[in-house]
Structures are given as C-alpha cells and as structure tokens.
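Shown next, in structure tokens, is the structure this report addresses.
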Amino acid sequence: QAAPVTAPPGQTPSAPSGTLVQSARPLTPPSREVAALPVQEQARARPVVTQSAVRPSNLFVQAGAFGNYDNAYRLSARLTRYGNSQVTPVSVNGQQLFRVRIGPVASVKEADSILEWISDVAPQARIVAD
C-alpha cells in the first residue's frame, strides 16, 4: 500500500487536500552523484529510471511433430482455442518435421494448465524450452 506523501516544510503539496499520492520508491540505491550532494539537495534530486526490454518467454507446449504438414496443420487448428498455436518446420537428423506448438507461454504454471487442457487432443504433448 502506498503511504500519503507529505510536502517538505515550507512547500505546499501539489495534490488537492485529502488526496493520497502514491510515491515511487527507487528499487536501486541513489546514484553516487546524488549521494555526494548535500542532504537538502539530495531530497530535490530526481531519480534516474532505467528501462530494459522484457525478454519473451521461451516456454512452449509442443503437441506433436509430424512428417506431413497437413497432419500438423489439422492438429494446430484443433488447438487454437487453447492459445497461440503454430506450425514450425524443423530439420531433425536430416528429416523435415513440422512441430505443432502453443506459445510462447509466460510460466510453467500456464504451460501445465495448457497441457492439462489439451491432454485429450494431444496426449503426447510436452513442455519444451526453445
């Protein structure tokens, strides 16, 4: 829960009276430059926010692999109601196969749920990381 933010002495709050304002506390300690400032100036310093791209998950539920594209496509069509079903070609020991996968999924828990849902349609399905 966010605590109400109070203005420093001598300043008026920017939010209307009685309004709770959520404060964002930095997850990392202040930079060395800010720490080197006098205490009064540290309070006025703006935190530096760094952002990085979120890595996509590499977990999939693989429902099967087929030597025939049409068979893979038929299974993929049956699985679309469970998630993003896709057919991807892959070469295994010189043989062309077509993998049927749902995903990527965000977590093992989600993958387990999908596996349970599709067990009647694809009993050989497994969780794989790509």
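Residues are referred to by chain and number: the chain letter is A, B, ... according to the order shown in the structure tokens, the number counts from 1 in that chain, and ligands are numbered separately from 1 in the order shown.
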
**Message:** Report as a list in words all protein, DNA and RNA residues lying within 7 Å of range 70-80 of chain A, evaluated on only C-alpha atoms, omitting residues in the same chain fewer than 6 positions from it.
**Reply:** Gln86, Val87, Phe98, Arg99 and Val100 of chain A

**Request:** Pick out the closest residue to Lys109 in chain A from this set: A:Leu59, A:Ala43, A:Ala129, A:Leu37. Count only C-alpha atoms.
**Result:**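 Checking each candidate against Lys109 in chain A, we get A:Leu59 as the closest.
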
**Prompt:** Which residue gives the smallest distance to Pro123 in chain A among A:Pro38, A:Pro89, A:Gly94, A:Gly64, with only C-alpha atoms counted?
**Reply:**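 Of A:Pro38, A:Pro89, A:Gly94, A:Gly64, the one nearest Pro123 in chain A is A:Gly64, counting only C-alpha atoms.
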
**range 113-118 of chain A environment, 9 Å, only C-alpha atoms, sequence neighbours closer than 6 positions dropped, as a count of residues only** = 9

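Rounded to one decimal, CA of Val105 in chain A and CA of Thr50 in chain A lie 26.1 Å from each other.
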
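With only C-alpha atoms as the atoms that count, the minimum distance from Val121 in chain A to the choices A:Val39, A:Arg81, A:Pro104, A:Leu97 is reached by A:Arg81.
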
**For CA of Thr88 in chain A and CA of Ala65 in chain A, the interatomic separation in Å (one decimal)** = 9.2 Å

**Item:** Which of range 44-115 of chain A DSSP labels strand (DSSP E or B), written as a PyMOL selection string
**Value:** chain A and resi 59-66+85-92+95-105

**Message:** Quick check, in Å to one decimal: how far apart do CA of Ser57 in chain A and CA of Val90 in chain A lie?
**Reply:**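 Atom-to-atom, CA of Ser57 in chain A and CA of Val90 in chain A are spaced 19.7 Å apart.
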